[in-house]
$ cat my_file.csv   # CSV, N, CA, C and O atoms
chain,number,residue,atom,x,y,z
A,1,MET,N,-61.9,-62.4,-31.6
A,1,MET,CA,-62.8,-61.3,-32.1
A,1,MET,C,-61.9,-60.2,-32.6
A,1,MET,O,-61.1,-59.7,-31.8
A,2,GLN,N,-62.1,-59.7,-33.8
A,2,GLN,CA,-61.3,-58.6,-34.3
A,2,GLN,C,-61.8,-57.3,-33.7
A,2,GLN,O,-63.0,-57.0,-33.7
A,3,ARG,N,-60.9,-56.4,-33.3
A,3,ARG,CA,-61.3,-55.1,-32.8
A,3,ARG,C,-61.2,-54.1,-33.9
A,3,ARG,O,-60.1,-54.0,-34.5
A,4,THR,N,-62.2,-53.3,-34.0
A,4,THR,CA,-62.1,-52.2,-35.0
A,4,THR,C,-62.2,-50.9,-34.3
A,4,THR,O,-62.8,-50.7,-33.3
A,5,THR,N,-61.5,-49.9,-34.9
A,5,THR,CA,-61.5,-48.6,-34.3
A,5,THR,C,-62.5,-47.7,-35.1
A,5,THR,O,-62.5,-47.6,-36.3
A,6,MET,N,-63.4,-47.2,-34.3
A,6,MET,CA,-64.5,-46.3,-34.9
A,6,MET,C,-64.1,-44.8,-34.7
A,6,MET,O,-63.7,-44.5,-33.6
A,7,ILE,N,-64.3,-44.0,-35.7
A,7,ILE,CA,-64.1,-42.6,-35.5
A,7,ILE,C,-65.4,-42.0,-34.9
A,7,ILE,O,-66.4,-42.2,-35.5
A,8,PRO,N,-65.3,-41.3,-33.8
A,8,PRO,CA,-66.5,-40.7,-33.2
A,8,PRO,C,-67.2,-39.8,-34.2
A,8,PRO,O,-66.6,-39.1,-35.0
A,9,GLN,N,-68.5,-39.9,-34.2
A,9,GLN,CA,-69.4,-39.2,-35.1
A,9,GLN,C,-69.2,-37.7,-34.9
A,9,GLN,O,-69.2,-37.0,-35.9
A,10,GLU,N,-68.9,-37.2,-33.7
A,10,GLU,CA,-68.7,-35.8,-33.6
A,10,GLU,C,-67.4,-35.2,-34.3
A,10,GLU,O,-67.3,-34.1,-34.4
A,11,TRP,N,-66.6,-36.1,-34.7
A,11,TRP,CA,-65.4,-35.7,-35.5
A,11,TRP,C,-65.7,-35.6,-36.9
A,11,TRP,O,-65.2,-34.6,-37.6
A,12,TRP,N,-66.4,-36.5,-37.6
A,12,TRP,CA,-66.5,-36.5,-39.0
A,12,TRP,C,-67.8,-35.8,-39.4
A,12,TRP,O,-67.9,-35.3,-40.5
A,13,GLU,N,-68.9,-35.9,-38.6
A,13,GLU,CA,-70.1,-35.3,-39.1
A,13,GLU,C,-70.1,-33.8,-39.4
A,13,GLU,O,-70.6,-33.4,-40.4
A,14,PRO,N,-69.5,-33.0,-38.5
A,14,PRO,CA,-69.4,-31.5,-38.9
A,14,PRO,C,-68.7,-31.3,-40.2
A,14,PRO,O,-69.1,-30.4,-40.9
A,15,GLY,N,-67.7,-32.1,-40.5
A,15,GLY,CA,-66.9,-31.9,-41.8
A,15,GLY,C,-67.8,-32.2,-43.0
A,15,GLY,O,-67.8,-31.5,-43.9
A,16,LEU,N,-68.6,-33.3,-42.9
A,16,LEU,CA,-69.5,-33.6,-44.0
A,16,LEU,C,-70.6,-32.6,-44.2
A,16,LEU,O,-71.0,-32.2,-45.3
A,17,VAL,N,-71.1,-32.1,-43.1
A,17,VAL,CA,-72.2,-31.1,-43.1
A,17,VAL,C,-71.6,-29.8,-43.7
A,17,VAL,O,-72.2,-29.2,-44.6
A,18,ASP,N,-70.4,-29.4,-43.3
A,18,ASP,CA,-69.8,-28.2,-43.9
A,18,ASP,C,-69.6,-28.4,-45.4
A,18,ASP,O,-69.9,-27.5,-46.2
A,19,VAL,N,-69.1,-29.5,-45.8
A,19,VAL,CA,-68.9,-29.8,-47.3
A,19,VAL,C,-70.2,-29.7,-48.0
A,19,VAL,O,-70.3,-29.1,-49.1
A,20,SER,N,-71.3,-30.3,-47.4
A,20,SER,CA,-72.6,-30.3,-48.1
A,20,SER,C,-73.1,-28.9,-48.2
A,20,SER,O,-73.7,-28.5,-49.3
A,21,ARG,N,-72.9,-28.1,-47.2
A,21,ARG,CA,-73.4,-26.7,-47.3
A,21,ARG,C,-72.6,-25.8,-48.3
A,21,ARG,O,-73.1,-25.1,-49.1
A,22,GLN,N,-71.2,-26.0,-48.3
A,22,GLN,CA,-70.4,-25.2,-49.2
A,22,GLN,C,-70.7,-25.6,-50.7
A,22,GLN,O,-70.6,-24.8,-51.6
A,23,CYS,N,-71.0,-26.9,-50.9
A,23,CYS,CA,-71.3,-27.4,-52.3
A,23,CYS,C,-72.7,-27.3,-52.7
A,23,CYS,O,-73.1,-27.6,-53.8
A,24,ASP,N,-73.6,-26.8,-51.7
A,24,ASP,CA,-75.0,-26.8,-52.0
A,24,ASP,C,-75.5,-28.2,-52.4
A,24,ASP,O,-76.2,-28.3,-53.4
A,25,ALA,N,-75.0,-29.2,-51.7
A,25,ALA,CA,-75.4,-30.6,-52.0
A,25,ALA,C,-76.0,-31.2,-50.8
A,25,ALA,O,-75.7,-30.8,-49.7
A,26,ARG,N,-76.8,-32.2,-51.0
A,26,ARG,CA,-77.4,-32.9,-49.8
A,26,ARG,C,-76.3,-33.9,-49.3
A,26,ARG,O,-75.4,-34.3,-50.0
A,27,LEU,N,-76.5,-34.1,-48.0
A,27,LEU,CA,-75.5,-35.0,-47.3
A,27,LEU,C,-75.3,-36.4,-47.9
A,27,LEU,O,-74.2,-36.8,-48.1
A,28,PRO,N,-76.4,-37.0,-48.3
A,28,PRO,CA,-76.2,-38.3,-49.0
A,28,PRO,C,-75.4,-38.2,-50.3
A,28,PRO,O,-74.6,-39.2,-50.6
A,29,GLU,N,-75.5,-37.1,-51.0
A,29,GLU,CA,-74.7,-36.9,-52.2
A,29,GLU,C,-73.2,-36.8,-51.9
A,29,GLU,O,-72.4,-37.4,-52.6
A,30,VAL,N,-72.9,-36.1,-50.8
A,30,VAL,CA,-71.5,-35.9,-50.4
A,30,VAL,C,-71.0,-37.3,-50.0
A,30,VAL,O,-69.9,-37.6,-50.4
A,31,ALA,N,-71.7,-38.0,-49.2
A,31,ALA,CA,-71.3,-39.3,-48.7
A,31,ALA,C,-71.1,-40.3,-49.9
A,31,ALA,O,-70.1,-41.0,-49.9
A,32,ALA,N,-72.0,-40.3,-50.8
A,32,ALA,CA,-71.8,-41.1,-52.0
A,32,ALA,C,-70.6,-40.8,-52.8
A,32,ALA,O,-69.9,-41.6,-53.3
A,33,SER,N,-70.3,-39.5,-53.0
A,33,SER,CA,-69.2,-39.0,-53.7
A,33,SER,C,-67.9,-39.4,-53.0
A,33,SER,O,-66.9,-39.8,-53.7
A,34,LEU,N,-67.9,-39.3,-51.7
A,34,LEU,CA,-66.7,-39.7,-51.0
A,34,LEU,C,-66.4,-41.2,-51.1
A,34,LEU,O,-65.3,-41.7,-51.2
A,35,ALA,N,-67.5,-42.0,-51.0
A,35,ALA,CA,-67.4,-43.5,-51.1
A,35,ALA,C,-66.9,-43.8,-52.5
A,35,ALA,O,-66.1,-44.7,-52.7
A,36,ALA,N,-67.4,-43.1,-53.6
A,36,ALA,CA,-66.9,-43.4,-54.9
A,36,ALA,C,-65.4,-43.0,-55.1
A,36,ALA,O,-64.7,-43.7,-55.7
A,37,ALA,N,-65.0,-41.9,-54.4
A,37,ALA,CA,-63.6,-41.5,-54.5
A,37,ALA,C,-62.7,-42.5,-53.8
A,37,ALA,O,-61.6,-42.7,-54.2
A,38,TRP,N,-63.2,-43.2,-52.8
A,38,TRP,CA,-62.5,-44.2,-52.1
A,38,TRP,C,-62.2,-45.4,-53.1
A,38,TRP,O,-61.2,-46.1,-53.0
A,39,GLN,N,-63.1,-45.5,-54.1
A,39,GLN,CA,-62.9,-46.6,-55.1
A,39,GLN,C,-62.2,-46.0,-56.4
A,39,GLN,O,-62.5,-46.5,-57.5
A,40,ASP,N,-61.4,-45.0,-56.2
A,40,ASP,CA,-60.6,-44.4,-57.3
A,40,ASP,C,-61.5,-43.7,-58.4
A,40,ASP,O,-61.0,-43.6,-59.5
A,41,ARG,N,-62.6,-43.2,-58.0
A,41,ARG,CA,-63.4,-42.4,-59.0
A,41,ARG,C,-63.2,-40.9,-58.6
A,41,ARG,O,-63.0,-40.6,-57.5
A,42,PRO,N,-63.2,-40.1,-59.6
A,42,PRO,CA,-62.8,-38.7,-59.3
A,42,PRO,C,-63.9,-38.0,-58.5
A,42,PRO,O,-65.1,-38.2,-58.7
A,43,LEU,N,-63.5,-37.2,-57.6
A,43,LEU,CA,-64.3,-36.4,-56.7
A,43,LEU,C,-64.7,-35.1,-57.4
A,43,LEU,O,-63.8,-34.5,-58.0
A,44,PRO,N,-65.9,-34.7,-57.5
A,44,PRO,CA,-66.2,-33.4,-58.1
A,44,PRO,C,-65.4,-32.3,-57.6
A,44,PRO,O,-65.1,-32.2,-56.4
A,45,GLU,N,-65.0,-31.4,-58.5
A,45,GLU,CA,-64.1,-30.3,-58.1
A,45,GLU,C,-64.6,-29.5,-57.0
A,45,GLU,O,-63.9,-29.1,-56.1
A,46,ARG,N,-65.9,-29.2,-57.0
A,46,ARG,CA,-66.5,-28.3,-55.9
A,46,ARG,C,-66.3,-29.0,-54.5
A,46,ARG,O,-66.1,-28.4,-53.5
A,47,MET,N,-66.4,-30.4,-54.5
A,47,MET,CA,-66.3,-31.1,-53.3
A,47,MET,C,-64.8,-31.2,-52.9
A,47,MET,O,-64.5,-31.1,-51.7
A,48,GLN,N,-63.9,-31.3,-53.9
A,48,GLN,CA,-62.5,-31.2,-53.5
A,48,GLN,C,-62.1,-29.9,-52.8
A,48,GLN,O,-61.4,-29.9,-51.8
A,49,ARG,N,-62.6,-28.8,-53.4
A,49,ARG,CA,-62.3,-27.5,-52.8
A,49,ARG,C,-62.8,-27.4,-51.4
A,49,ARG,O,-62.2,-27.0,-50.4
A,50,ALA,N,-64.1,-27.9,-51.2
A,50,ALA,CA,-64.7,-27.8,-49.9
A,50,ALA,C,-64.0,-28.7,-48.9
A,50,ALA,O,-63.8,-28.3,-47.7
A,51,LEU,N,-63.6,-29.9,-49.3
A,51,LEU,CA,-62.9,-30.8,-48.4
A,51,LEU,C,-61.5,-30.2,-48.0
A,51,LEU,O,-61.1,-30.3,-46.9
A,52,ARG,N,-60.8,-29.6,-49.0
A,52,ARG,CA,-59.5,-28.9,-48.7
A,52,ARG,C,-59.7,-27.9,-47.6
A,52,ARG,O,-58.9,-27.8,-46.7
A,53,ARG,N,-60.8,-27.0,-47.8
A,53,ARG,CA,-61.0,-26.0,-46.8
A,53,ARG,C,-61.3,-26.6,-45.4
A,53,ARG,O,-60.8,-26.1,-44.4
A,54,ARG,N,-62.1,-27.7,-45.4
A,54,ARG,CA,-62.4,-28.3,-44.1
A,54,ARG,C,-61.2,-28.9,-43.4
A,54,ARG,O,-61.0,-28.8,-42.2
A,55,VAL,N,-60.4,-29.6,-44.2
A,55,VAL,CA,-59.2,-30.2,-43.7
A,55,VAL,C,-58.2,-29.1,-43.1
A,55,VAL,O,-57.7,-29.3,-42.0
A,56,ARG,N,-58.1,-28.0,-43.8
A,56,ARG,CA,-57.3,-26.9,-43.3
A,56,ARG,C,-57.8,-26.4,-42.0
A,56,ARG,O,-57.1,-26.2,-41.0
A,57,ARG,N,-59.2,-26.3,-41.9
A,57,ARG,CA,-59.8,-25.8,-40.6
A,57,ARG,C,-59.5,-26.8,-39.5
A,57,ARG,O,-59.2,-26.4,-38.4
A,58,PHE,N,-59.7,-28.1,-39.8
A,58,PHE,CA,-59.4,-29.2,-38.8
A,58,PHE,C,-58.0,-29.0,-38.3
A,58,PHE,O,-57.7,-29.1,-37.1
A,59,HIS,N,-57.1,-28.8,-39.2
A,59,HIS,CA,-55.6,-28.7,-38.9
A,59,HIS,C,-55.4,-27.5,-37.9
A,59,HIS,O,-54.7,-27.6,-36.9
A,60,VAL,N,-56.0,-26.4,-38.3
A,60,VAL,CA,-55.8,-25.2,-37.5
A,60,VAL,C,-56.4,-25.4,-36.1
A,60,VAL,O,-55.8,-25.1,-35.1
A,61,GLU,N,-57.6,-26.0,-36.0
A,61,GLU,CA,-58.3,-26.3,-34.7
A,61,GLU,C,-57.4,-27.2,-33.9
A,61,GLU,O,-57.3,-27.1,-32.7
A,62,ASP,N,-56.8,-28.3,-34.5
A,62,ASP,CA,-56.0,-29.2,-33.8
A,62,ASP,C,-54.7,-28.5,-33.3
A,62,ASP,O,-54.3,-28.8,-32.2
A,63,GLN,N,-54.1,-27.6,-34.1
A,63,GLN,CA,-52.9,-26.9,-33.6
A,63,GLN,C,-53.3,-26.0,-32.4
A,63,GLN,O,-52.5,-25.9,-31.5
A,64,GLU,N,-54.4,-25.4,-32.5
A,64,GLU,CA,-54.9,-24.6,-31.3
A,64,GLU,C,-55.1,-25.4,-30.1
A,64,GLU,O,-54.7,-25.0,-29.0
A,65,CYS,N,-55.6,-26.6,-30.2
A,65,CYS,CA,-55.8,-27.5,-29.1
A,65,CYS,C,-54.5,-27.9,-28.5
A,65,CYS,O,-54.3,-28.0,-27.3
A,66,ASP,N,-53.5,-28.2,-29.4
A,66,ASP,CA,-52.2,-28.7,-28.9
A,66,ASP,C,-51.5,-27.5,-28.2
A,66,ASP,O,-50.8,-27.8,-27.2
A,67,SER,N,-51.7,-26.3,-28.6
A,67,SER,CA,-51.0,-25.2,-27.9
A,67,SER,C,-51.6,-24.9,-26.5
A,67,SER,O,-50.9,-24.3,-25.7
A,68,ARG,N,-52.8,-25.3,-26.3
A,68,ARG,CA,-53.4,-25.1,-25.0
A,68,ARG,C,-53.1,-26.2,-24.0
A,68,ARG,O,-53.2,-26.1,-22.8
A,69,ARG,N,-52.8,-27.4,-24.6
A,69,ARG,CA,-52.5,-28.6,-23.7
A,69,ARG,C,-51.1,-28.4,-23.1
A,69,ARG,O,-50.2,-28.0,-23.7
A,70,PRO,N,-50.9,-28.8,-21.8
A,70,PRO,CA,-49.6,-28.9,-21.2
A,70,PRO,C,-48.7,-29.8,-22.0
A,70,PRO,O,-49.1,-30.9,-22.3
A,71,GLY,N,-47.5,-29.4,-22.4
A,71,GLY,CA,-46.6,-30.2,-23.2
A,71,GLY,C,-47.0,-30.2,-24.6
A,71,GLY,O,-46.4,-31.0,-25.4
A,72,GLY,N,-47.9,-29.4,-25.1
A,72,GLY,CA,-48.3,-29.4,-26.5
A,72,GLY,C,-47.3,-28.7,-27.3
A,72,GLY,O,-46.4,-28.1,-26.8
A,73,SER,N,-47.5,-28.6,-28.6
A,73,SER,CA,-46.7,-28.0,-29.5
A,73,SER,C,-46.9,-26.4,-29.4
A,73,SER,O,-48.0,-26.0,-29.4
A,74,TYR,N,-45.8,-25.7,-29.4
A,74,TYR,CA,-45.9,-24.2,-29.3
A,74,TYR,C,-45.3,-23.6,-30.5
A,74,TYR,O,-44.5,-22.7,-30.4
A,75,ARG,N,-45.5,-24.1,-31.7
A,75,ARG,CA,-44.9,-23.5,-32.9
A,75,ARG,C,-45.4,-22.2,-33.3
A,75,ARG,O,-46.4,-21.7,-33.1

$ encode --input "my_file.csv" --output "structure tokens"
Amino acid sequence: MQRTTMIPQEWWEPGLVDVSRQCDARLPEVAASLAAAWQDRPLPERMQRALRRRVRRFHVEDQECDSRRPGGSYR
């Protein structure tokens, strides 16, 4: 039996919701656009910007978590 790794919903759902709010688009539209982008179709510019902002925020949040953990990064 092949084992697959699932990304917990609490990790990706807030990002998609943020993107849909910033783009004033419904969540299914955002999901469909991301699926199309996975198949090498261009992502609408407004969604690209919203995703960039969300990825930056995820990165900052991750860095903050690392700095609070014992042995984490203290850059």

$ atom_distance --input "my_file.csv" --atom1 "atom CA of A:Gln39" --atom2 "atom CA of A:Val17"
21.7 Å

$ residues_around --input "my_file.csv" --residues "A:Leu27" --least-positions-apart "6" --cutoff "7 Å" --atoms "all atoms listed in the file" --output "list in words"
Leu16, Val17, Ser20 and Ser33 of chain A

$ atom_distance --input "my_file.csv" --atom1 "atom CA of A:Val55" --atom2 "atom CA of A:Pro28"
19.6 Å

$ atom_distance --input "my_file.csv" --atom1 "atom CA of A:Glu29" --atom2 "atom CA of A:Arg57"
21.9 Å

$ closest_residue --input "my_file.csv" --among "A:Pro14, A:Arg26, A:Val19, A:Ala37" --to "A:Arg49" --atoms "only N, CA, C and O atoms"
A:Val19

$ axis_aligned_box --input "my_file.csv" --around "stretch 61-64 of chain A" --padding-each-side "3 Å" --output "lines of an AutoDock Vina configuration file"
center_x = -55.4
center_y = -26.9
center_z = -32.5
size_x = 11.8
size_y = 10.6
size_z = 13.0

$ closest_residue --input "my_file.csv" --among "A:Glu61, A:Arg54, A:Asp40, A:Gln48" --to "A:Gly15" --atoms "all atoms listed in the file"
A:Arg54
